[in-house]
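As structure tokens, the structure follows; a few thoughts come after it.
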Protein chains: 2
Amino acid sequence: MTTNRSRPAGRPATIPDVAREAGVSRSTASRALADYGSVSPDARERVRAAAEKLGYRPNLLARSMITGRTHTLGAIVADIQNPFFAGVTRGITDAARAAGYQVLLANTDEDVAAERAAVKMLRDKHVDGLIVAPAATTETGHLAAAHAAGCPVVLLDRQAPGLPADSVTVDNHGAAQDAVRRLLAAGHRRIALVSLLGSAPSADAGAERAAAATPLPTDPVSTGLERIEGYRAALREAGLSDTDTYLRTGTFHREDPADLTADLLALPEPPTAVFATDSMIALGVLSATRDHGLRVPDDLSLVTFDDTDWARAVRPRVSVVAQPVQELGARAVHSLITRIEGTTRPPEHTVLDTEFIDRESIAPPPGA
Amino acid sequence: MTTNRSRPAGRPATIPDVAREAGVSRSTASRALADYGSVSPDARERVRAAAEKLGYRPNLLARSMITGRTHTLGAIVADIQNPFFAGVTRGITDAARAAGYQVLLANTDEDVAAERAAVKMLRDKHVDGLIVAPAATTETGHLAAAHAAGCPVVLLDRQAPGLPADSVTVDNHGAAQDAVRRLLAAGHRRIALVSLLGSAPSADAGAERAAAATPLPTDPVSTGLERIEGYRAALREAGLSDTDTYLRTGTFHREDPADLTADLLALPEPPTAVFATDSMIALGVLSATRDHGLRVPDDLSLVTFDDTDWARAVRPRVSVVAQPVQELGARAVHSLITRIEGTTRPPEHTVLDTEFIDRESIAPPPGA
DNA sequence: CGCGCATGTGGGAACGTTCTCAATCGCGGG
DNA sequence: CCCGCGATTGAGAACGTTCCCACATGCGCG
């Protein structure tokens with residue numbers, strides 16, 4: 001064994017070790033390994049060989065201390081188990097890895113306090129930037145603070161008005177309007193919307209059964225709101241002025257979409273079509289519909305946001321507004337990275353296209 | 001402004017800043033903040049106030065350099081978009097956060113090279129430990145190396161024989177056997193198994209259409225193998241010695257479960273029941289079944305591993321082998337953390353219980 | 001009265017890297 | 001012959017923290 005006895009076997013090799021082995025100084029070794037400055041071909045090769053021999057791996061922590069960059073991104077989403085966020089996260093990790101970054105993941109369950117805690121932790125770990133699907137549109141002080149302190153933030157899927165950050169979203173208003181138009185075109189007039197948005201006020205205050213039409217949750221998620229507005233616009237466009245009769249919005253973890261749907265179906269004049277604002281809500285609608293003995297699409301038509309694997313496999317196949325989930329994530333990463341690399345430009349709002357995929361869940365209303 | 005002018009405004013406060021502000025030394029400030037050693041109540045309070053005033057946040061990178069611990073875990077899974085891994089990942093991140101750890105996420109798409117690259121990157125970033133759903137059972141040198149170098153590894157969902165690491169799995173053999181027994185009990189004799197396991201050999205060599213029964217992919221994932229063995233055991237138990245007639249296994253990214261199923265249904269004597277080894281395969285089976293004009297469960301019974309949200313919502317509701325996905329992740333985290341905290345004990349293999357949930361997708365075979 | 005001990009405190013090293021700076025060498029041109 | 005310049009090199013600082021050790025106090029006890 002000719003290995004240097006000053007390195008106690010177990011300890012991984014460091015730059016000084018490599019330098020000693022190669023017979024050069026730390027500086028030269030560092031230069032050779034990081035490939036900058038000028039190093040003689042001879043020294044470069046000796047260092048390379050020494051590093052190889054000792055199995056040298058750079059300590060990225062130490063490097064980050066100096067450079068101030070960790071090549072780590074923070075991703076804060078509501079719930080990775082929601083297929084939408086799973087797809088987005090997939091897009092984020094893939095794009096990040098391709099660009100030489102890693103991703104630190106956090107779930108919020110739509111809870112602002114959890115989001116704040118996550119931001120704090122990720123910043124303490126010095127992530128280079130944050131990709132956030134904010135749980136609230138107004139309580140964004142922690143995001144603004146991060147951004148101001150030089151930790152760029154990119155908003156994903158959702159907007160936050162006051163925040164001068166990049167965002168990557170979808171035209172929720174337009175897509176919702178388009179989807180509802182298709183239901184209208186099929187002859188429907190009693191079209192319901194089922195959605196979950198925003199978290200409960202705080203304690204158990206507030207409406208315990210928010211099933212009644214209008215009272216929207218406090219500080220709802222922008223995405224849901226936009227979809228509701230698109231829905232209303234389509235109805236108004238068709239001459240239906242009373243846009244809230246069949247509008248049902250609950251709060252996360254409080255209301256079950258299936259219950260909301262059951263209420264709807266128990267109405268004297270029940271809806272003949274339902275627009276669900278995401279795939280998990282569609283599942284609830286589906287479940288309630290069938291428990292009520294109704295069939296899709298003969299008795300009730302269904303359209304939902306998000307194209308999941310099951311929407312293609314069940315019968316009838318369900319018609320959906322497909323979002324480019326992975327690309328949403330990938331674009332967010334690119335936006336964030338160009339911001340990290342130092343470009344200072346005004347906030348950029350990327351809006352990606354959705355695609356309406358017409359399958360088998362829309363039919364004319366029963367009586368027609 | 002009375003803030004210390006030696007700190008150029010933008011720069012975040014450090015321990016020296018706090019110490020200066022509190023009129024003590026770095027050491028005392030550090031002790032007061034980290035709450036160790038002995039500090040007078042007076043000094044402690046002054047430091048606390050100074051830290052508060054300056055908005056001091058510890059630099060976790062610097063701390064990690066010293067302590068050698070990052071409080072970061074690496075999670076390497078096949079595909080976060082697979083509901084099983086989404087659930088597992090959810091369990092991991094939640095349990096990790098509760099224990100004061102963060103999670104760095106990597107997807108492998110069942111590719112060993114990607115797994116190796118992920119391990120390298122995560123180790124370079126000095127994660128305290130690794131939770132891995134290994135893409136292969138034999139090529140685990142990189143995992144063994146990590147483990148030996150003091151970066152503990154916990155195997156998740158899958159085994160790797162040669163590796164002296166903790167593992168958290170499920171009794172795949174028993175659960176599969178139990179599921180197939182139920183199909184047998186309903187009167188079925190022609191029971192198929194559809195699965196995807198292992199990645200293709202390497203280039204485009206090998207069978208291009210591996211639909212023919214026996215040739216299993218090289219180095220398949222242990223989980224799939226165990227389920228197949230459970231399936232075979234149940235069949236043999238019922239006196240059916242030819243266990244491979246209706247056995248169809250493909251390789252990831254090569255074969256489509258729907259195609260495998262279509263082949264099965266085109267047989268002169270098609271199966272009357274199908275056992276799918278995970279939810280994404282069940283979706284393919286479902287799709288092919290219905291494209292073939294058959295109905296579940298009247299024409300074909302179906303059982304699958306993994307209880308997903310859609311399995312409860314579609315009609316017929318599908319009977320499943322439910323795995324405790326979140327707990328799988330949580331247990332892996334606990335196993336890993338106790339290992340990190342220094343306990344040296346022989347490898348521990350945790351096996352969690354599955355639950356068979358009988359719903360509506362099993363009926364007697366058509367002729368009965 | 002002096003010794004030991006516990007408590008509080010500060011100085012300095014260490015972690016492993018990058019970066020700035022000055023020093024050395026060889027060599028061609030004035 | 002000497003100056004200057006580029007290429008190459010090494011010493012030392014820095015990043016922000018934790019840890020080890022030495023040093024002062026103060027107090028009880030022999």
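So you can find residues: chains in the structure tokens are A, B, ... in the order shown, residues in each start at 1, and ligands are numbered from 1 in order.
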
Got a sec to pull out which chain B residues are within 6 Å of chain D, counting only C-alpha atoms (C1' of nucleotides), and send them as an mmCIF file with N, CA, C and O atoms, in the first residue's frame?
data_model
loop_
_atom_site.group_PDB
_atom_site.id
_atom_site.type_symbol
_atom_site.label_atom_id
_atom_site.label_comp_id
_atom_site.auth_asym_id
_atom_site.auth_seq_id
_atom_site.Cartn_x
_atom_site.Cartn_y
_atom_site.Cartn_z
ATOM 1 N N ALA B 62 -23.001 25.462 6.074
ATOM 2 C CA ALA B 62 -21.806 25.575 6.917
ATOM 3 C C ALA B 62 -21.888 24.585 8.075
ATOM 4 O O ALA B 62 -20.912 23.916 8.411
ATOM 5 N N ARG B 63 -23.085 24.499 8.643
ATOM 6 C CA ARG B 63 -23.253 23.566 9.755
ATOM 7 C C ARG B 63 -22.953 22.137 9.304
ATOM 8 O O ARG B 63 -22.290 21.371 9.991
ATOM 9 N N ILE B 66 -19.381 21.005 9.108
ATOM 10 C CA ILE B 66 -18.783 20.646 10.390
ATOM 11 C C ILE B 66 -19.333 19.332 10.911
ATOM 12 O O ILE B 66 -18.597 18.408 11.241
#

Contact set, chain A to chain B: 9 Å, only C-alpha atoms, as a ChimeraX atom specification: /A:10-12,57-62,64-65,70,72,79-83,85-87,89-90,93-94,97,102-107,121-122,124-126,149,280,283-288,290,309-310,312-315

Distance-based interface of chain C with chain A, 7 Å, counting only C-alpha atoms (C1' of nucleotides), as a PyMOL selection string: chain C and resi 16-18

Spatial neighbours of stretch 2-12 of chain C, max dist 8 Å, only C-alpha atoms (C1' of nucleotides), sep filter under 2 positions, as a PyMOL selection string: chain B and resi 25+27-28+38-40

A:Pro364 environment, 7 Å, only C-alpha atoms (C1' of nucleotides), sequence neighbours closer than 4 positions dropped, as a PyMOL selection string: chain A and resi 186-188+368

Those in stretch 67-308 of chain A with alpha helix (DSSP H) from DSSP, as JSON, numbers by chain: {"A": [67, 83, 84, 85, 86, 87, 88, 89, 90, 91, 92, 93, 94, 95, 96, 97, 98, 112, 113, 114, 115, 116, 117, 118, 119, 120, 121, 122, 123, 124, 141, 142, 143, 144, 145, 146, 147, 148, 172, 173, 174, 175, 176, 177, 178, 179, 180, 181, 182, 183, 184, 185, 222, 223, 224, 225, 226, 227, 228, 229, 230, 231, 232, 233, 234, 235, 236, 237, 257, 258, 259, 260, 261, 262, 263, 264, 265, 279, 280, 281, 282, 283, 284, 285, 286, 287, 288, 289, 290, 291]}

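Neighbouring residues of B:Gly162 at 10 Å or closer, counting only C-alpha atoms (C1' of nucleotides) and skipping chain neighbours under 3 positions away, are Thr137, Thr138, Glu139, Thr140, Gly141, Ala144, Gln159 and Ala165 of chain B.
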
Writer output for current selection, N, CA, C and O atoms, as a PDB file, in the first residue's frame:
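Resulting contents of part-v6.pdb:
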ATOM      1  N   THR B 137     -32.223  -6.336  -9.306  1.00  0.00           N
ATOM      2  CA  THR B 137     -31.907  -7.064  -8.073  1.00  0.00           C
ATOM      3  C   THR B 137     -30.438  -7.415  -7.952  1.00  0.00           C
ATOM      4  O   THR B 137     -29.935  -7.594  -6.857  1.00  0.00           O
ATOM      5  N   THR B 138     -29.759  -7.521  -9.081  1.00  0.00           N
ATOM      6  CA  THR B 138     -28.358  -7.944  -9.007  1.00  0.00           C
ATOM      7  C   THR B 138     -27.363  -6.797  -9.175  1.00  0.00           C
ATOM      8  O   THR B 138     -26.361  -6.750  -8.472  1.00  0.00           O
ATOM      9  N   GLU B 139     -27.648  -5.866 -10.078  1.00  0.00           N
ATOM     10  CA  GLU B 139     -26.703  -4.765 -10.275  1.00  0.00           C
ATOM     11  C   GLU B 139     -26.870  -3.737  -9.168  1.00  0.00           C
ATOM     12  O   GLU B 139     -27.502  -2.710  -9.348  1.00  0.00           O
ATOM     13  N   THR B 140     -26.278  -4.029  -8.016  1.00  0.00           N
ATOM     14  CA  THR B 140     -26.475  -3.143  -6.881  1.00  0.00           C
ATOM     15  C   THR B 140     -25.153  -2.703  -6.276  1.00  0.00           C
ATOM     16  O   THR B 140     -25.086  -2.328  -5.110  1.00  0.00           O
ATOM     17  N   GLY B 141     -24.109  -2.755  -7.084  1.00  0.00           N
ATOM     18  CA  GLY B 141     -22.790  -2.370  -6.599  1.00  0.00           C
ATOM     19  C   GLY B 141     -22.762  -0.956  -6.062  1.00  0.00           C
ATOM     20  O   GLY B 141     -22.172  -0.698  -5.008  1.00  0.00           O
ATOM     21  N   ALA B 144     -24.298  -0.970  -2.622  1.00  0.00           N
ATOM     22  CA  ALA B 144     -23.399  -1.581  -1.647  1.00  0.00           C
ATOM     23  C   ALA B 144     -22.275  -0.618  -1.296  1.00  0.00           C
ATOM     24  O   ALA B 144     -21.906  -0.469  -0.133  1.00  0.00           O
ATOM     25  N   GLN B 159     -36.500  -6.223  -2.994  1.00  0.00           N
ATOM     26  CA  GLN B 159     -35.351  -6.811  -2.328  1.00  0.00           C
ATOM     27  C   GLN B 159     -34.132  -6.780  -3.243  1.00  0.00           C
ATOM     28  O   GLN B 159     -34.258  -6.650  -4.452  1.00  0.00           O
ATOM     29  N   ALA B 165     -28.636  -4.444   3.549  1.00  0.00           N
ATOM     30  CA  ALA B 165     -29.330  -3.215   3.913  1.00  0.00           C
ATOM     31  C   ALA B 165     -30.710  -3.512   4.481  1.00  0.00           C
ATOM     32  O   ALA B 165     -31.268  -4.588   4.242  1.00  0.00           O
TER      33      ALA B 165
END

Residues of stretch 166-368 of chain B in strand (DSSP E), written as a VMD selection string: chain B and resid 166 to 170 191 to 196 247 to 250 273 to 276 301 to 305 319 to 322 349 to 352 355 to 357

Keeping only C-alpha atoms, write the selected residues as a PDB file, in the first residue's frame.
ATOM      1  CA  ASP B 166     -32.615  -2.687   5.724  1.00  0.00           C
ATOM      2  CA  SER B 167     -35.695  -3.217   3.636  1.00  0.00           C
ATOM      3  CA  VAL B 168     -39.364  -2.386   3.872  1.00  0.00           C
ATOM      4  CA  THR B 169     -41.618  -4.484   1.742  1.00  0.00           C
ATOM      5  CA  VAL B 170     -44.858  -6.328   1.603  1.00  0.00           C
ATOM      6  CA  ILE B 191     -56.560 -17.239 -14.757  1.00  0.00           C
ATOM      7  CA  ALA B 192     -54.074 -14.935 -16.417  1.00  0.00           C
ATOM      8  CA  LEU B 193     -51.345 -12.807 -14.930  1.00  0.00           C
ATOM      9  CA  VAL B 194     -50.218  -9.639 -16.678  1.00  0.00           C
ATOM     10  CA  SER B 195     -47.074  -7.901 -15.525  1.00  0.00           C
ATOM     11  CA  LEU B 196     -44.248  -5.658 -16.554  1.00  0.00           C
ATOM     12  CA  LEU B 247     -48.649 -15.794 -17.803  1.00  0.00           C
ATOM     13  CA  ARG B 248     -47.698 -12.657 -19.707  1.00  0.00           C
ATOM     14  CA  THR B 249     -44.756 -10.514 -18.704  1.00  0.00           C
ATOM     15  CA  GLY B 250     -43.359  -7.609 -20.685  1.00  0.00           C
ATOM     16  CA  ALA B 273     -60.014 -13.827 -14.998  1.00  0.00           C
ATOM     17  CA  VAL B 274     -56.957 -11.594 -14.925  1.00  0.00           C
ATOM     18  CA  PHE B 275     -54.608 -10.779 -12.121  1.00  0.00           C
ATOM     19  CA  ALA B 276     -52.776  -7.492 -12.753  1.00  0.00           C
ATOM     20  CA  SER B 301     -63.005 -11.002 -13.587  1.00  0.00           C
ATOM     21  CA  LEU B 302     -60.244  -8.679 -12.536  1.00  0.00           C
ATOM     22  CA  VAL B 303     -58.022  -8.302  -9.511  1.00  0.00           C
ATOM     23  CA  THR B 304     -55.092  -5.976  -9.215  1.00  0.00           C
ATOM     24  CA  PHE B 305     -52.366  -4.908  -6.871  1.00  0.00           C
ATOM     25  CA  SER B 319     -61.241  -5.570  -6.105  1.00  0.00           C
ATOM     26  CA  VAL B 320     -57.672  -4.967  -5.119  1.00  0.00           C
ATOM     27  CA  VAL B 321     -54.725  -5.957  -3.022  1.00  0.00           C
ATOM     28  CA  ALA B 322     -54.196  -2.722  -1.120  1.00  0.00           C
ATOM     29  CA  HIS B 349     -36.450  -6.544   7.044  1.00  0.00           C
ATOM     30  CA  THR B 350     -39.829  -5.020   7.705  1.00  0.00           C
ATOM     31  CA  VAL B 351     -42.759  -6.707   6.021  1.00  0.00           C
ATOM     32  CA  LEU B 352     -46.045  -4.836   6.127  1.00  0.00           C
ATOM     33  CA  GLU B 355     -55.294  -5.954   2.641  1.00  0.00           C
ATOM     34  CA  PHE B 356     -57.500  -7.613   0.102  1.00  0.00           C
ATOM     35  CA  ILE B 357     -60.441  -5.335  -0.615  1.00  0.00           C
TER      36      ILE B 357
END

Distance in Å - atom CA of A:His142 versus atom CA of A:Ala114: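 Atom CA of A:Ala114 lies 11.5 Å from atom CA of A:His142.
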
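One finds atom CA of A:Tyr36 at 14.1 Å from atom C1' of C:DT20.
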
Atom CA of B:Val221 to atom CA of B:Ala136, straight-line distance in Å: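 Between atom CA of B:Ala136 and atom CA of B:Val221 the gap is 5.6 Å.
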
Residues near B:Pro134, cut-off 10 Å, only C-alpha atoms (C1' of nucleotides), skip fewer than 3 positions along chain, as JSON, numbers by chain: {"B": [76, 77, 78, 108, 110, 111, 112, 115, 116, 131, 137, 138, 139, 140, 143, 154, 155, 156, 157, 158, 159, 160, 221, 222]}

Output C-alpha atoms for every residue in that selection, as a PDB file, in the first residue's frame.
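Writing done, so here's selection.pdb:
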ATOM      1  CA  ILE B  76     -34.883   7.108  -5.627  1.00  0.00           C
ATOM      2  CA  VAL B  77     -38.016   5.699  -7.168  1.00  0.00           C
ATOM      3  CA  ALA B  78     -38.994   4.414 -10.573  1.00  0.00           C
ATOM      4  CA  THR B 108     -35.082   6.253 -12.595  1.00  0.00           C
ATOM      5  CA  GLU B 110     -36.488   1.494 -13.986  1.00  0.00           C
ATOM      6  CA  ASP B 111     -33.145   2.242 -15.568  1.00  0.00           C
ATOM      7  CA  VAL B 112     -30.099   1.084 -13.627  1.00  0.00           C
ATOM      8  CA  GLU B 115     -30.176   4.943 -10.694  1.00  0.00           C
ATOM      9  CA  ARG B 116     -26.411   4.847 -10.547  1.00  0.00           C
ATOM     10  CA  ILE B 131     -34.234   5.203   0.203  1.00  0.00           C
ATOM     11  CA  THR B 137     -31.907  -7.064  -8.073  1.00  0.00           C
ATOM     12  CA  THR B 138     -28.358  -7.944  -9.007  1.00  0.00           C
ATOM     13  CA  GLU B 139     -26.703  -4.765 -10.275  1.00  0.00           C
ATOM     14  CA  THR B 140     -26.475  -3.143  -6.881  1.00  0.00           C
ATOM     15  CA  LEU B 143     -25.818   0.720  -3.433  1.00  0.00           C
ATOM     16  CA  VAL B 154     -32.958   1.285   2.856  1.00  0.00           C
ATOM     17  CA  LEU B 155     -34.571  -0.815   0.185  1.00  0.00           C
ATOM     18  CA  LEU B 156     -38.159   0.012  -0.529  1.00  0.00           C
ATOM     19  CA  ASP B 157     -40.756  -2.270  -2.077  1.00  0.00           C
ATOM     20  CA  ARG B 158     -38.074  -4.482  -3.527  1.00  0.00           C
ATOM     21  CA  GLN B 159     -35.351  -6.811  -2.328  1.00  0.00           C
ATOM     22  CA  ALA B 160     -31.743  -7.076  -3.423  1.00  0.00           C
ATOM     23  CA  VAL B 221     -37.607  -6.547 -10.252  1.00  0.00           C
ATOM     24  CA  SER B 222     -37.991  -8.830  -7.242  1.00  0.00           C
TER      25      SER B 222
END
